[in-house]
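*Asks:* You'll find query.txt just under this line, and it carries compact mmCIF, C-alpha atoms.
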```txt
# COMPACT_ATOMS: atom_id res chain seq x y z
CA MET A 1 -17.08 77.46 -44.53
CA LYS A 2 -17.62 77.88 -48.29
CA LYS A 3 -13.90 78.15 -49.04
CA PHE A 4 -13.18 75.09 -46.89
CA GLN A 5 -15.85 73.11 -48.76
CA SER A 6 -14.60 74.28 -52.15
CA ILE A 7 -11.13 72.92 -51.35
CA PHE A 8 -11.97 69.73 -49.47
CA LYS A 9 -14.52 67.61 -51.28
CA LYS A 10 -14.32 64.89 -48.65
CA GLU A 11 -15.88 65.29 -45.23
CA LYS A 12 -13.42 65.30 -42.29
CA PRO A 13 -10.25 65.32 -44.44
CA ILE A 14 -7.00 63.94 -43.08
CA ILE A 15 -4.03 66.15 -44.02
CA GLY A 16 -0.64 64.43 -44.04
CA MET A 17 2.55 66.40 -43.44
CA VAL A 18 5.60 66.33 -45.68
CA HIS A 19 8.44 67.74 -43.60
CA VAL A 20 10.77 68.92 -46.34
CA GLN A 21 14.46 68.20 -45.70
CA ALA A 22 16.56 71.12 -44.45
CA LEU A 23 16.66 73.72 -47.21
CA PRO A 24 19.68 75.57 -48.68
CA GLY A 25 21.43 77.96 -46.30
CA THR A 26 19.95 76.48 -43.12
CA PRO A 27 22.24 74.99 -40.44
CA LYS A 28 21.08 71.37 -40.91
CA ASN A 29 21.12 71.40 -44.73
CA LYS A 30 23.03 68.40 -46.12
CA PHE A 31 21.28 67.62 -49.42
CA ASP A 32 21.27 69.41 -52.75
CA ALA A 33 18.00 70.60 -54.27
CA SER A 34 17.43 67.49 -56.37
CA LYS A 35 17.71 65.19 -53.32
CA ILE A 36 15.39 67.43 -51.27
CA ILE A 37 12.80 67.33 -54.07
CA ASP A 38 13.15 63.55 -54.48
CA GLU A 39 12.59 62.96 -50.76
CA ALA A 40 9.47 65.15 -50.72
CA LEU A 41 8.04 63.34 -53.76
CA LYS A 42 8.86 59.94 -52.24
CA GLU A 43 6.80 60.83 -49.17
CA THR A 44 4.03 62.19 -51.38
CA ARG A 45 3.79 58.87 -53.21
CA ILE A 46 3.59 56.99 -49.91
CA TYR A 47 0.71 59.21 -48.83
CA LYS A 48 -0.98 58.81 -52.20
CA LYS A 49 -0.71 55.01 -52.05
CA ALA A 50 -2.17 55.01 -48.53
CA GLY A 51 -5.18 57.08 -49.63
CA ILE A 52 -4.50 60.34 -47.81
CA ASP A 53 -7.10 63.10 -48.32
CA SER A 54 -4.73 66.08 -48.47
CA ILE A 55 -1.03 66.95 -48.14
CA MET A 56 0.72 69.89 -46.53
CA ILE A 57 4.41 70.73 -46.82
CA GLU A 58 6.48 72.45 -44.17
CA ASN A 59 10.14 73.39 -43.68
CA MET A 60 10.31 71.91 -40.18
CA HIS A 61 13.96 70.83 -40.52
CA ASP A 62 15.10 74.47 -41.01
CA VAL A 63 15.90 75.03 -37.33
CA PRO A 64 16.51 77.53 -35.88
CA TYR A 65 13.67 79.29 -37.69
CA LEU A 66 13.78 82.82 -38.98
CA LYS A 67 10.95 85.05 -37.77
CA ARG A 68 8.43 86.21 -40.39
CA GLU A 69 10.80 86.51 -43.38
CA VAL A 70 12.74 83.84 -45.27
CA GLY A 71 15.03 84.18 -48.26
CA HIS A 72 14.41 83.35 -51.91
CA GLU A 73 16.51 80.19 -51.50
CA ILE A 74 13.68 78.91 -49.27
CA SER A 75 10.58 80.18 -51.04
CA SER A 76 11.80 79.29 -54.54
CA LEU A 77 12.54 75.66 -53.71
CA MET A 78 9.31 75.34 -51.71
CA THR A 79 7.44 76.64 -54.75
CA LEU A 80 8.92 73.96 -56.97
CA ILE A 81 8.24 71.21 -54.43
CA ALA A 82 4.65 72.38 -53.92
CA TYR A 83 4.04 72.50 -57.68
CA LEU A 84 5.43 69.00 -58.22
CA ILE A 85 3.40 67.56 -55.34
CA LYS A 86 0.25 69.15 -56.73
CA GLN A 87 0.98 67.62 -60.13
CA GLU A 88 1.70 64.22 -58.55
CA THR A 89 -1.62 64.06 -56.69
CA ASN A 90 -5.24 64.96 -57.17
CA VAL A 91 -5.72 66.08 -53.56
CA PRO A 92 -5.72 69.52 -51.93
CA VAL A 93 -2.20 70.72 -51.12
CA GLY A 94 -1.19 73.30 -48.53
CA ILE A 95 1.95 74.87 -47.11
CA GLN A 96 3.39 76.40 -43.96
CA ILE A 97 6.72 78.22 -43.95
CA LEU A 98 8.28 78.56 -40.52
CA ALA A 99 8.31 80.67 -38.63
CA GLY A 100 5.35 82.87 -39.41
CA ALA A 101 6.51 83.50 -42.99
CA ASN A 102 2.89 83.75 -44.04
CA LYS A 103 3.32 86.16 -46.94
CA GLU A 104 6.01 83.95 -48.44
CA ALA A 105 3.74 80.91 -48.00
CA LEU A 106 0.93 82.74 -49.75
CA ALA A 107 3.22 83.70 -52.64
CA VAL A 108 4.38 80.09 -52.93
CA ALA A 109 0.78 78.87 -52.94
CA LYS A 110 -0.14 81.31 -55.68
CA ALA A 111 2.86 80.46 -57.85
CA SER A 112 2.54 76.69 -57.41
CA THR A 113 -1.28 76.60 -57.80
CA ILE A 114 -1.84 74.88 -54.45
CA ASP A 115 -4.87 75.38 -52.27
CA PHE A 116 -4.20 76.69 -48.76
CA ILE A 117 -1.67 77.94 -46.25
CA ARG A 118 -1.30 77.46 -42.51
CA ALA A 119 -0.58 80.82 -40.88
CA GLU A 120 0.68 81.54 -37.38
CA GLY A 121 0.44 84.93 -35.73
CA PHE A 122 -2.81 85.88 -37.45
CA VAL A 123 -4.58 87.49 -34.50
CA PHE A 124 -3.14 88.56 -31.11
CA ALA A 125 0.56 88.60 -30.30
CA HIS A 126 2.39 85.75 -28.62
CA THR A 127 5.94 84.91 -27.62
CA ALA A 128 7.36 82.19 -29.84
CA ASP A 129 10.74 80.43 -29.84
CA GLU A 130 11.80 83.05 -32.38
CA GLY A 131 10.67 86.07 -30.32
CA ILE A 132 7.54 88.22 -30.26
CA MET A 133 5.15 87.23 -33.05
CA GLU A 134 2.75 90.09 -33.74
CA ALA A 135 -0.64 89.76 -35.42
CA GLN A 136 -0.54 89.90 -39.21
CA ALA A 137 -4.13 89.45 -40.41
CA ALA A 138 -4.58 92.90 -41.97
CA GLU A 139 -1.26 92.83 -43.83
CA LEU A 140 -1.67 89.23 -44.97
CA LEU A 141 -5.20 89.58 -46.32
CA ARG A 142 -4.28 92.75 -48.18
CA TYR A 143 -1.34 90.90 -49.72
CA ARG A 144 -3.66 88.05 -50.76
CA LYS A 145 -5.89 90.58 -52.50
CA PHE A 146 -2.86 92.31 -54.09
CA ILE A 147 -1.57 89.10 -55.72
CA ASP A 148 -5.07 87.99 -56.78
CA ALA A 149 -4.99 84.90 -54.57
CA ASP A 150 -8.45 85.02 -52.99
CA SER A 151 -9.06 81.37 -53.89
CA ILE A 152 -6.24 80.31 -51.55
CA ALA A 153 -7.53 79.60 -48.04
CA ILE A 154 -5.72 80.89 -44.97
CA PHE A 155 -6.19 78.53 -42.03
CA THR A 156 -4.85 80.07 -38.84
CA ASP A 157 -3.30 78.76 -35.64
CA ILE A 158 -4.78 80.06 -32.40
CA LYS A 159 -2.96 79.81 -29.06
CA LYS A 160 -0.21 78.11 -31.06
CA LYS A 161 2.05 75.33 -29.76
CA HIS A 162 5.69 76.06 -28.81
CA SER A 163 4.62 79.50 -27.62
CA SER A 164 3.84 81.50 -24.49
CA HIS A 165 0.43 83.16 -24.38
CA ALA A 166 0.84 84.93 -21.04
CA ILE A 167 0.08 88.30 -22.61
CA THR A 168 -3.31 86.98 -23.75
CA GLN A 169 -4.07 84.70 -20.82
CA ASP A 170 -7.28 86.64 -20.12
CA ILE A 171 -8.56 85.82 -23.63
CA SER A 172 -10.08 82.37 -24.00
CA LEU A 173 -9.49 80.02 -26.91
CA LEU A 174 -13.09 80.63 -27.98
CA ASP A 175 -12.66 84.40 -27.96
CA THR A 176 -9.43 84.02 -29.91
CA ALA A 177 -11.24 81.88 -32.49
CA LYS A 178 -14.03 84.44 -32.74
CA ALA A 179 -11.46 87.18 -33.31
CA ALA A 180 -9.83 85.11 -36.07
CA ARG A 181 -13.21 84.63 -37.73
CA PHE A 182 -14.01 88.34 -37.41
CA PHE A 183 -10.66 89.11 -39.05
CA LEU A 184 -11.65 86.82 -41.96
CA SER A 185 -9.67 83.67 -41.24
CA ASP A 186 -10.89 80.73 -43.33
CA GLY A 187 -10.64 78.34 -40.38
CA VAL A 188 -8.80 77.89 -37.08
CA ILE A 189 -6.21 75.31 -36.05
CA VAL A 190 -6.02 74.04 -32.47
CA THR A 191 -2.93 72.27 -31.13
CA GLY A 192 -1.42 70.89 -27.95
CA ASP A 193 1.54 72.58 -26.30
CA HIS A 194 4.19 70.94 -28.49
CA THR A 195 4.64 68.99 -31.72
CA GLY A 196 2.96 65.62 -31.27
CA SER A 197 1.07 66.62 -28.12
CA SER A 198 -2.70 66.28 -28.17
CA ALA A 199 -5.16 69.13 -28.42
CA SER A 200 -7.74 69.42 -25.64
CA VAL A 201 -10.97 67.59 -26.47
CA GLU A 202 -12.90 69.78 -24.03
CA GLU A 203 -11.65 72.99 -25.63
CA LEU A 204 -12.53 71.67 -29.06
CA LYS A 205 -16.04 70.81 -27.87
CA THR A 206 -16.43 74.40 -26.66
CA LEU A 207 -15.41 75.72 -30.07
CA ARG A 208 -17.69 73.26 -31.87
CA ASN A 209 -20.67 74.21 -29.74
CA ASN A 210 -20.17 77.93 -30.33
CA LEU A 211 -18.77 78.27 -33.85
CA ASP A 212 -20.12 77.42 -37.29
CA PHE A 213 -16.65 77.72 -38.72
CA PRO A 214 -13.93 75.26 -39.88
CA ILE A 215 -11.98 73.81 -36.95
CA PHE A 216 -8.77 71.82 -37.49
CA VAL A 217 -6.94 69.65 -35.00
CA GLY A 218 -3.30 70.52 -35.64
CA SER A 219 -1.25 68.18 -33.43
CA GLY A 220 -1.28 64.98 -31.43
CA VAL A 221 -3.80 62.94 -33.43
CA THR A 222 -3.24 59.17 -33.17
CA LYS A 223 -5.09 56.00 -34.03
CA GLU A 224 -6.05 55.77 -30.36
CA ASN A 225 -7.66 59.21 -30.03
CA VAL A 226 -8.93 60.00 -33.52
CA GLY A 227 -12.40 58.75 -32.60
CA HIS A 228 -12.66 61.50 -29.97
CA TYR A 229 -11.73 64.23 -32.47
CA LEU A 230 -13.78 63.24 -35.51
CA PRO A 231 -17.18 64.40 -34.16
CA ILE A 232 -15.88 67.79 -33.02
CA CYS A 233 -13.62 68.99 -35.84
CA ASP A 234 -13.72 69.52 -39.57
CA ALA A 235 -10.20 68.34 -40.47
CA MET A 236 -7.02 66.95 -38.92
CA ILE A 237 -3.39 67.71 -39.69
CA ILE A 238 -1.12 64.75 -38.89
CA GLY A 239 2.65 64.58 -39.02
CA SER A 240 4.32 62.82 -36.11
CA TYR A 241 1.96 59.84 -35.89
CA PHE A 242 2.58 58.92 -39.52
CA LYS A 243 6.33 58.57 -38.92
CA GLU A 244 8.12 55.45 -37.69
CA GLY A 245 7.76 55.33 -33.91
CA GLY A 246 5.47 58.36 -33.99
CA TYR A 247 8.39 60.81 -34.05
CA TRP A 248 8.40 63.64 -36.60
CA GLU A 249 12.06 63.31 -37.68
CA ASN A 250 11.76 59.62 -38.59
CA GLU A 251 10.88 58.05 -41.93
CA LEU A 252 7.28 58.10 -43.10
CA SER A 253 5.51 54.78 -42.45
CA TYR A 254 3.11 53.49 -45.11
CA ASP A 255 1.65 50.94 -42.69
CA ARG A 256 0.85 53.56 -40.02
CA ILE A 257 -0.84 55.82 -42.59
CA ASN A 258 -2.72 53.00 -44.30
CA ASN A 259 -4.00 51.50 -41.03
CA PHE A 260 -5.01 54.93 -39.76
CA MET A 261 -6.90 55.79 -42.95
CA ASP A 262 -8.67 52.41 -42.91
CA MET A 263 -9.81 53.06 -39.36
CA VAL A 264 -11.07 56.57 -40.19
CA ARG A 265 -13.00 55.27 -43.18
CA LYS A 266 -14.71 52.67 -40.98
CA ILE A 267 -15.63 55.26 -38.34
CA THR A 268 -17.02 57.75 -40.86
CA LYS A 269 -19.06 55.26 -42.95
```
Would you kindly transcribe this structure into structure tokens?
*Replies:*
Amino acid sequence: MKKFQSIFKKEKPIIGMVHVQALPGTPKNKFDASKIIDEALKETRIYKKAGIDSIMIENMHDVPYLKREVGHEISSLMTLIAYLIKQETNVPVGIQILAGANKEALAVAKASTIDFIRAEGFVFAHTADEGIMEAQAAELLRYRKFIDADSIAIFTDIKKKHSSHAITQDISLLDTAKAARFFLSDGVIVTGDHTGSSASVEELKTLRNNLDFPIFVGSGVTKENVGHYLPICDAMIIGSYFKEGGYWENELSYDRINNFMDMVRKITK
């Protein structure tokens, strides 16, 4: 909890997603580096104007995703974007590099002086769209120590969306969270089954009642359900809802973000 509190000075922070345009070498890439950077900074300024608490960047347009390792053409441009976003704002900034490229994300965070990463495949194996994703906690934490990046938090998905967890179906979400904490995760992220789908309120209540440990809601938060999540989590990561029509590929909507943040501020007064 100490690392979470050292990064987020505001209680119950709302983390807005910047879905970076498809990067060089990926099938959907259509912009050069300068346009990709400009688009990311444009979204950052919209978030900043709307009073967002934190920003996270992600290469979600890079479908189909590589598993675990990405090239320098990805990590180098993500480093520059992360650095510029950090300079543009005075809020905590994080990164996720899909799919499961946690070491690359950590290296980017270190080089760009941002604050946290979102890591998938930290404890227990699961079957993802990209194939079998094995646990990486030991390797990742040793790498963090090796590059002198202990100040960077590693927040970890458990029972991650877009994945099959049949091989761990006898392990509850709570036991998975306890394993992540035992393996030195800085906080766990709970999602629905898919991007934009809501996390289970009942499962989150179970975690809250049994863990003194940072809990993030990682998908499906809306203006309509945020009041259910606020009492039982420590932070929320929001992407789809902040886009026009609530769809992740659409343009970012200042009005949706601003109205959402106003509502959260009223609830948490």
*Asks:* Which residue, A:Ala99, A:Ala199, A:Met236, A:Leu141, has the smallest gap to Asp129 in chain A when you use all atoms listed in the file?
*Replies:*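 Going through A:Ala99, A:Ala199, A:Met236, A:Leu141 one by one, the smallest distance to Asp129 in chain A is for A:Ala99.
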*Asks:* Between CA of Val63 in chain A and CA of Asp32 in chain A, measure the distance and give it in Å to one decimal.
*Replies:*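 One can read the CA of Val63 in chain A to CA of Asp32 in chain A distance as 17.3 Å.
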*Asks:* Find the residue from A:Gly245, A:Gly100, A:Gly25, A:Gly192 that sits nearest to Thr156 in chain A; use all atoms listed in the file when measuring.
*Replies:*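 Looking only at the distances to Thr156 in chain A, the closest residue turns out to be A:Gly100.
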*Asks:* What is the CA of Glu69 in chain A to CA of Ala153 in chain A distance in Å?
*Replies:*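 Between CA of Glu69 in chain A and CA of Ala153 in chain A the gap is 20.1 Å.
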*Asks:* Kindly indicate which residue among A:Ala177, A:Ile237, A:Ile97, A:Ile189 lies nearest to Leu207 in chain A, using only C-alpha atoms for the distances.
*Replies:*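 Between A:Ala177, A:Ile237, A:Ile97, A:Ile189, the residue approaching Leu207 in chain A most closely is A:Ala177.
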*Asks:* Can you tell me, as a list in words, what residues are no more than 10 Å from Thr206 in chain A when counting only C-alpha atoms, ignoring any on the same chain fewer than 6 positions away?
*Replies:* Leu173, Leu174 and Ile232 of chain A
*Asks:* So that I have them on file, write out the residues from the current selection with C-alpha atoms, as a JSON list (two decimals), in the coordinates of the input.
*Replies:*
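File written: result10.json
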```
[["chain", "number", "residue", "atom", "x", "y", "z"],
["A", 173, "LEU", "CA", -9.49, 80.02, -26.91],
["A", 174, "LEU", "CA", -13.09, 80.63, -27.98],
["A", 232, "ILE", "CA", -15.88, 67.79, -33.02]]
```
*Asks:* Of the candidates A:Asp170, A:Asp186, A:Glu58, A:Glu73, which one gets nearest to Ile95 in chain A if we count only C-alpha atoms?
*Replies:*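 Selected residue with least distance to Ile95 in chain A: A:Glu58.
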*Asks:* Could you give me, as number ranges by chain, the residues that sit within 10 Å of (3.2, 82.2, -53.3) in the file's coordinates, counting only C-alpha atoms?
*Replies:* A: 75-76, 78-79, 82, 95, 102-114, 117, 144, 147, 149, 152
*Asks:* May I have the residues within 12 Å of Asn250 in chain A as a PyMOL selection string, using all atoms listed in the file and disregarding those fewer than 3 positions away in the same chain?
*Replies:* chain A and resi 18-19+21+43+61+239-247+253
*Asks:* Can you tell me how far CA of Val91 in chain A sits from CA of Asn225 in chain A, in Å to one decimal?
*Replies:*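 Between CA of Val91 in chain A and CA of Asn225 in chain A the gap is 24.6 Å.
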*Asks:* Pick from A:Leu23, A:Ile215, A:Met17, A:Met133: nearest to Ser163 in chain A, with all atoms listed in the file counted?
*Replies:*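 Residue with the minimum atom-to-atom distance to Ser163 in chain A: A:Met133.
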*Asks:* Restore N, CA and C atoms in range 185-212 of chain A and list the result as a CSV table (one decimal), keeping the file's coordinate frame.
*Replies:*
```csv
chain,number,residue,atom,x,y,z
A,185,SER,N,-10.3,85.0,-41.1
A,185,SER,CA,-9.7,83.7,-41.2
A,185,SER,C,-10.6,82.7,-41.9
A,186,ASP,N,-10.1,81.7,-42.7
A,186,ASP,CA,-10.9,80.7,-43.3
A,186,ASP,C,-11.1,79.5,-42.5
A,187,GLY,N,-10.5,79.5,-41.3
A,187,GLY,CA,-10.6,78.3,-40.4
A,187,GLY,C,-9.5,78.4,-39.3
A,188,VAL,N,-9.8,77.8,-38.2
A,188,VAL,CA,-8.8,77.9,-37.1
A,188,VAL,C,-8.2,76.5,-36.8
A,189,ILE,N,-7.0,76.5,-36.3
A,189,ILE,CA,-6.2,75.3,-36.0
A,189,ILE,C,-5.9,75.3,-34.6
A,190,VAL,N,-6.2,74.2,-33.9
A,190,VAL,CA,-6.0,74.0,-32.5
A,190,VAL,C,-5.0,72.9,-32.2
A,191,THR,N,-4.0,73.2,-31.4
A,191,THR,CA,-2.9,72.3,-31.1
A,191,THR,C,-2.8,72.0,-29.6
A,192,GLY,N,-1.9,71.0,-29.3
A,192,GLY,CA,-1.4,70.9,-28.0
A,192,GLY,C,-0.3,71.9,-27.7
A,193,ASP,N,0.5,71.7,-26.7
A,193,ASP,CA,1.5,72.6,-26.3
A,193,ASP,C,2.8,72.4,-27.2
A,194,HIS,N,3.0,71.2,-27.7
A,194,HIS,CA,4.2,70.9,-28.5
A,194,HIS,C,3.9,70.0,-29.7
A,195,THR,N,4.8,69.9,-30.6
A,195,THR,CA,4.6,69.0,-31.7
A,195,THR,C,4.4,67.6,-31.2
A,196,GLY,N,3.3,67.0,-31.7
A,196,GLY,CA,3.0,65.6,-31.3
A,196,GLY,C,2.1,65.5,-30.0
A,197,SER,N,1.9,66.7,-29.3
A,197,SER,CA,1.1,66.6,-28.1
A,197,SER,C,-0.4,66.9,-28.5
A,198,SER,N,-1.3,66.3,-27.8
A,198,SER,CA,-2.7,66.3,-28.2
A,198,SER,C,-3.4,67.6,-27.8
A,199,ALA,N,-4.3,68.0,-28.7
A,199,ALA,CA,-5.2,69.1,-28.4
A,199,ALA,C,-6.2,68.7,-27.4
A,200,SER,N,-6.7,69.7,-26.7
A,200,SER,CA,-7.7,69.4,-25.6
A,200,SER,C,-9.1,69.1,-26.3
A,201,VAL,N,-9.6,68.0,-26.0
A,201,VAL,CA,-11.0,67.6,-26.5
A,201,VAL,C,-12.0,68.5,-25.9
A,202,GLU,N,-11.9,68.9,-24.6
A,202,GLU,CA,-12.9,69.8,-24.0
A,202,GLU,C,-12.9,71.2,-24.7
A,203,GLU,N,-11.7,71.7,-25.0
A,203,GLU,CA,-11.6,73.0,-25.6
A,203,GLU,C,-12.2,72.9,-27.0
A,204,LEU,N,-12.0,71.8,-27.7
A,204,LEU,CA,-12.5,71.7,-29.1
A,204,LEU,C,-14.1,71.6,-29.0
A,205,LYS,N,-14.6,70.9,-28.0
A,205,LYS,CA,-16.0,70.8,-27.9
A,205,LYS,C,-16.6,72.2,-27.7
A,206,THR,N,-16.0,73.0,-26.9
A,206,THR,CA,-16.4,74.4,-26.7
A,206,THR,C,-16.5,75.2,-28.0
A,207,LEU,N,-15.4,75.0,-28.8
A,207,LEU,CA,-15.4,75.7,-30.1
A,207,LEU,C,-16.5,75.2,-31.0
A,208,ARG,N,-16.7,73.9,-31.0
A,208,ARG,CA,-17.7,73.3,-31.9
A,208,ARG,C,-19.1,73.7,-31.5
A,209,ASN,N,-19.3,73.8,-30.2
A,209,ASN,CA,-20.7,74.2,-29.7
A,209,ASN,C,-21.0,75.7,-29.9
A,210,ASN,N,-20.0,76.5,-30.2
A,210,ASN,CA,-20.2,77.9,-30.3
A,210,ASN,C,-19.8,78.5,-31.7
A,211,LEU,N,-19.2,77.7,-32.6
A,211,LEU,CA,-18.8,78.3,-33.8
A,211,LEU,C,-19.3,77.4,-35.0
A,212,ASP,N,-19.8,78.1,-36.0
A,212,ASP,CA,-20.1,77.4,-37.3
A,212,ASP,C,-19.0,77.9,-38.3
```
